[in-house]
Amino acid sequence: MALHALAARVADATPPTRDRAVDGLRALAIGGVVLGHWLVTALVTDGDTVRGASPLRFQPELAPVSWLFQTLAVFFLVGGYTAGRPRTQPYRRWLAARLTRLLRPVPPLLGVWALVVAGLLASGATDRTVHTLVKLVLSPLWFLLVFAALTAATPLVSRVHWQWPLSVVIVVDVLRFGPLAPAVPAWIGWVNLAAGWLVPFCLGIAWSRGTLRLRRTGWQLLVGGGAATVVLIRWFGYPASMVGVPGEGISNLNPPTLAAVTFGLAQCGLALLLLGPLRALLARPVAWAGVALLNLSAMTVFLWHQTAMITVTLAVDGTRPGLHTVPDTPGWMAARVLWLPAFAVVLAGCWAAFHRFERGPAGARSRAT
């Protein structure tokens, strides 16, 4: 009864003009990233050293796991949609509000981890252990920086068709991997860090302005993007995994490749096709309450989920399958799934401690879509 009462209050507080499907897509994107990291990130204990590993390196047949949970393109799609809607306040005030809400949860994370690193070094932890843990915690920040930059550039890119940055990605990858590759500087690939994520962001802006025929565009992106991704993987040598795999020469995300972008387009197409079913589902108060509460603290969940996984790993003594062991057998993944509830419990504790920094002094304000 208490759950239904809470759901009813959340539903009553939701403006009728709010498109709940947009929040639903954002929740799916954040949830996909969290579960994906938890499933494919291993911390292997070797004596007194902790090092990173991935089951995708030892079991390439698990690549479809990355297809399910690498959902960043959907987040950029929703970000473009929200940024592209008509503003009711001056640009500077609008941007300050969005960036403050986006970046406000970062200082508490950095402060806590500064203390953790000091403690680890004082206790004699190896440099490799500290580097491994800090890299896991700080790696999500690249996403926030790119997202913030694209948000700030909204007035400049609002008229850019999403196919234009896609063309830039194609040119960059031809230079990186084509016959001229030996003469091309390595930094050229990082052009795709902006161009690659600008593709779904611009697609979201077009969606917000009503210039897309959603169902038709959704099917075109899903089928076309999916087919292009298959071709790039099968005949052009792109990795099958849509996340970085330690030890592999090419990562689809670091920086983004054409395969990551075409895969993201397929995801965006699916997202557009899901708008109707999501609206129907989220008309139910309980389902909407869960999505609304997650959206209130989406960045807190995103920033602290790796800390939750690390905390459980370091707190459990011994060498436990799925937690401390090399992820080189199917049994490792089965064992890792059993650890997910523990990660979720610790993440809930992190949320309880730090979500107030994201919501700010206004408290229970909902995230603007």
# chains A, B, ... in the order shown; residues from 1 in each chain; ligands from 1
>>> residues_around(residues="Leu136 (chain A)", least_positions_apart="2", cutoff="9 Å", atoms="only C-alpha atoms", output="ChimeraX atom specification")
/A:41,52,131-134,138-140,306-307,310
>>> select_by_dssp(residues="region 269-348 of chain A", states="alpha helix (DSSP H)", output="NGL selection string")
:A and (269-273 or 275-282 or 285-296 or 298-315 or 330-348)
>>> residues_around(residues="region 12-23 of chain A", least_positions_apart="3", cutoff="10 Å", atoms="only C-alpha atoms", output="ChimeraX atom specification")
/A:6-9,26-29,75,77-79,81-82,271-272,274-283,285,288-289,291-292,294-296,366-369
>>> write_last_selection(atoms="C-alpha atoms", output="PDB file, in the first residue's frame")
ATOM      1  CA  LEU A   6       4.112   6.909  -3.170  1.00  0.00           C
ATOM      2  CA  ALA A   7       3.502   6.113  -6.836  1.00  0.00           C
ATOM      3  CA  ALA A   8       0.225   7.998  -6.740  1.00  0.00           C
ATOM      4  CA  ARG A   9       1.917  11.069  -5.232  1.00  0.00           C
ATOM      5  CA  ARG A  26      16.936   8.104 -20.238  1.00  0.00           C
ATOM      6  CA  ALA A  27      16.367   5.530 -17.493  1.00  0.00           C
ATOM      7  CA  LEU A  28      16.987   2.661 -19.930  1.00  0.00           C
ATOM      8  CA  ALA A  29      20.211   4.333 -21.102  1.00  0.00           C
ATOM      9  CA  PHE A  75      21.413   9.106 -23.771  1.00  0.00           C
ATOM     10  CA  LEU A  77      19.592  11.188 -28.378  1.00  0.00           C
ATOM     11  CA  VAL A  78      17.554  12.198 -25.327  1.00  0.00           C
ATOM     12  CA  GLY A  79      20.072  14.924 -24.517  1.00  0.00           C
ATOM     13  CA  TYR A  81      15.891  16.209 -27.635  1.00  0.00           C
ATOM     14  CA  THR A  82      15.842  18.079 -24.323  1.00  0.00           C
ATOM     15  CA  ALA A 271      14.316   4.023 -29.143  1.00  0.00           C
ATOM     16  CA  LEU A 272      12.045   6.003 -31.465  1.00  0.00           C
ATOM     17  CA  LEU A 274       9.616   2.284 -28.398  1.00  0.00           C
ATOM     18  CA  LEU A 275       8.121   5.693 -27.644  1.00  0.00           C
ATOM     19  CA  GLY A 276       4.515   4.506 -27.970  1.00  0.00           C
ATOM     20  CA  PRO A 277       4.923   1.337 -25.859  1.00  0.00           C
ATOM     21  CA  LEU A 278       6.863   3.314 -23.221  1.00  0.00           C
ATOM     22  CA  ARG A 279       4.117   5.922 -22.960  1.00  0.00           C
ATOM     23  CA  ALA A 280       1.567   3.167 -22.416  1.00  0.00           C
ATOM     24  CA  LEU A 281       3.722   1.426 -19.807  1.00  0.00           C
ATOM     25  CA  LEU A 282       4.604   4.602 -17.922  1.00  0.00           C
ATOM     26  CA  ALA A 283       0.967   5.646 -17.681  1.00  0.00           C
ATOM     27  CA  PRO A 285       1.785   4.964 -11.574  1.00  0.00           C
ATOM     28  CA  TRP A 288       6.347   5.839 -13.708  1.00  0.00           C
ATOM     29  CA  ALA A 289       7.385   6.377 -10.086  1.00  0.00           C
ATOM     30  CA  VAL A 291      11.493   5.963 -13.715  1.00  0.00           C
ATOM     31  CA  ALA A 292      10.847   9.408 -12.222  1.00  0.00           C
ATOM     32  CA  LEU A 294      15.792   7.354 -11.165  1.00  0.00           C
ATOM     33  CA  ASN A 295      15.732  10.444 -13.362  1.00  0.00           C
ATOM     34  CA  LEU A 296      15.915  12.690 -10.313  1.00  0.00           C
ATOM     35  CA  SER A 366      12.147  16.919 -11.144  1.00  0.00           C
ATOM     36  CA  ARG A 367      14.719  16.746 -13.915  1.00  0.00           C
ATOM     37  CA  ALA A 368      13.666  18.943 -16.763  1.00  0.00           C
ATOM     38  CA  THR A 369      13.005  17.138 -20.003  1.00  0.00           C
TER      39      THR A 369
END
>>> residues_around(residues="region 196-211 of chain A", least_positions_apart="6", cutoff="9 Å", atoms="only C-alpha atoms", output="PyMOL selection string")
chain A and resi 72-86+146-147+150-151+154+157-166+168-169+255-258+260-261+264-265+268
>>> write_last_selection(atoms="N, CA and C atoms", output="CSV table (one decimal), in the first residue's frame")
chain,number,residue,atom,x,y,z
A,72,LEU,N,24.9,4.4,-24.7
A,72,LEU,CA,25.2,5.8,-24.6
A,72,LEU,C,24.6,6.6,-25.7
A,73,ALA,N,24.4,6.0,-26.9
A,73,ALA,CA,23.8,6.8,-28.0
A,73,ALA,C,22.4,7.2,-27.6
A,74,VAL,N,21.7,6.4,-26.9
A,74,VAL,CA,20.3,6.7,-26.5
A,74,VAL,C,20.3,7.9,-25.6
A,75,PHE,N,21.3,8.0,-24.7
A,75,PHE,CA,21.4,9.1,-23.8
A,75,PHE,C,21.7,10.4,-24.5
A,76,PHE,N,22.6,10.3,-25.6
A,76,PHE,CA,22.8,11.5,-26.4
A,76,PHE,C,21.6,11.9,-27.2
A,77,LEU,N,20.8,10.9,-27.7
A,77,LEU,CA,19.6,11.2,-28.4
A,77,LEU,C,18.6,12.0,-27.5
A,78,VAL,N,18.4,11.5,-26.3
A,78,VAL,CA,17.6,12.2,-25.3
A,78,VAL,C,18.1,13.6,-25.0
A,79,GLY,N,19.5,13.6,-24.8
A,79,GLY,CA,20.1,14.9,-24.5
A,79,GLY,C,19.8,15.9,-25.6
A,80,GLY,N,19.9,15.5,-26.9
A,80,GLY,CA,19.7,16.4,-28.0
A,80,GLY,C,18.2,16.8,-28.0
A,81,TYR,N,17.3,15.9,-27.7
A,81,TYR,CA,15.9,16.2,-27.6
A,81,TYR,C,15.6,17.3,-26.6
A,82,THR,N,16.1,17.1,-25.4
A,82,THR,CA,15.8,18.1,-24.3
A,82,THR,C,16.5,19.4,-24.6
A,83,ALA,N,17.7,19.4,-25.2
A,83,ALA,CA,18.4,20.7,-25.4
A,83,ALA,C,17.8,21.4,-26.6
A,84,GLY,N,17.2,20.7,-27.5
A,84,GLY,CA,16.6,21.3,-28.7
A,84,GLY,C,15.3,21.9,-28.6
A,85,ARG,N,14.6,21.6,-27.4
A,85,ARG,CA,13.2,22.1,-27.3
A,85,ARG,C,13.3,23.7,-27.0
A,86,PRO,N,12.2,24.4,-27.4
A,86,PRO,CA,12.2,25.8,-27.2
A,86,PRO,C,12.5,26.2,-25.8
A,146,VAL,N,31.9,15.5,-22.7
A,146,VAL,CA,31.4,15.6,-24.0
A,146,VAL,C,30.0,16.0,-24.1
A,147,PHE,N,29.2,15.4,-23.2
A,147,PHE,CA,27.8,15.8,-23.1
A,147,PHE,C,27.6,17.3,-22.8
A,150,LEU,N,28.5,19.4,-25.9
A,150,LEU,CA,27.5,19.4,-26.9
A,150,LEU,C,26.3,20.2,-26.5
A,151,THR,N,26.0,20.1,-25.2
A,151,THR,CA,24.8,20.9,-24.7
A,151,THR,C,25.1,22.4,-24.9
A,154,THR,N,24.6,23.8,-28.4
A,154,THR,CA,23.3,23.5,-29.0
A,154,THR,C,22.9,24.6,-30.0
A,157,VAL,N,24.8,23.9,-33.3
A,157,VAL,CA,24.6,22.6,-34.0
A,157,VAL,C,23.1,22.4,-34.2
A,158,SER,N,22.3,23.3,-33.8
A,158,SER,CA,20.8,23.0,-33.9
A,158,SER,C,20.4,22.9,-35.3
A,159,ARG,N,21.1,23.5,-36.3
A,159,ARG,CA,20.8,23.4,-37.7
A,159,ARG,C,21.6,22.3,-38.4
A,160,VAL,N,22.4,21.6,-37.7
A,160,VAL,CA,23.2,20.6,-38.3
A,160,VAL,C,22.5,19.3,-38.5
A,161,HIS,N,22.4,18.8,-39.7
A,161,HIS,CA,21.7,17.5,-40.0
A,161,HIS,C,22.6,16.4,-39.5
A,162,TRP,N,22.0,15.4,-38.9
A,162,TRP,CA,22.8,14.4,-38.2
A,162,TRP,C,23.7,13.6,-39.2
A,163,GLN,N,23.4,13.7,-40.5
A,163,GLN,CA,24.2,13.0,-41.5
A,163,GLN,C,25.6,13.7,-41.7
A,164,TRP,N,25.6,15.0,-41.4
A,164,TRP,CA,26.9,15.7,-41.5
A,164,TRP,C,28.0,15.2,-40.6
A,165,PRO,N,27.8,15.1,-39.3
A,165,PRO,CA,28.8,14.6,-38.5
A,165,PRO,C,29.1,13.1,-38.8
A,166,LEU,N,28.1,12.4,-39.3
A,166,LEU,CA,28.3,11.0,-39.7
A,166,LEU,C,29.3,11.0,-40.8
A,168,VAL,N,31.7,13.0,-41.3
A,168,VAL,CA,33.0,13.3,-40.7
A,168,VAL,C,33.6,12.0,-40.1
A,169,VAL,N,32.7,11.2,-39.4
A,169,VAL,CA,33.2,10.0,-38.8
A,169,VAL,C,33.7,9.0,-39.9
A,255,PRO,N,38.9,6.1,-29.5
A,255,PRO,CA,37.7,6.9,-29.6
A,255,PRO,C,36.6,6.2,-30.4
A,256,PRO,N,35.4,6.8,-30.5
A,256,PRO,CA,34.3,6.1,-31.3
A,256,PRO,C,34.7,5.8,-32.7
A,257,THR,N,34.3,4.6,-33.2
A,257,THR,CA,34.5,4.3,-34.6
A,257,THR,C,33.2,4.4,-35.3
A,258,LEU,N,33.3,4.2,-36.6
A,258,LEU,CA,32.1,4.2,-37.5
A,258,LEU,C,31.2,3.1,-37.0
A,260,ALA,N,30.7,1.9,-34.0
A,260,ALA,CA,30.0,2.4,-32.8
A,260,ALA,C,28.9,3.4,-33.2
A,261,VAL,N,29.1,4.2,-34.2
A,261,VAL,CA,28.1,5.2,-34.6
A,261,VAL,C,27.0,4.6,-35.3
A,264,GLY,N,25.0,2.8,-32.8
A,264,GLY,CA,24.2,3.8,-32.0
A,264,GLY,C,23.0,4.3,-32.8
A,265,LEU,N,23.1,4.4,-34.1
A,265,LEU,CA,21.9,4.8,-34.9
A,265,LEU,C,20.9,3.7,-34.9
A,268,CYS,N,19.1,4.2,-31.7
A,268,CYS,CA,18.3,5.4,-31.7
A,268,CYS,C,17.0,5.0,-32.5
>>> residues_around(residues="Thr311 (chain A)", least_positions_apart="6", cutoff="10 Å", atoms="only C-alpha atoms", output="PDB file with C-alpha atoms, in the first residue's frame")
ATOM      1  CA  HIS A 305      28.044   2.642  -9.847  1.00  0.00           C
ATOM      2  CA  ALA A 342      25.233  -6.835  -3.737  1.00  0.00           C
ATOM      3  CA  PHE A 343      26.436  -4.138  -6.134  1.00  0.00           C
ATOM      4  CA  VAL A 346      25.906  -0.668  -2.122  1.00  0.00           C
ATOM      5  CA  LEU A 347      24.892   1.642  -4.984  1.00  0.00           C
TER       6      LEU A 347
END
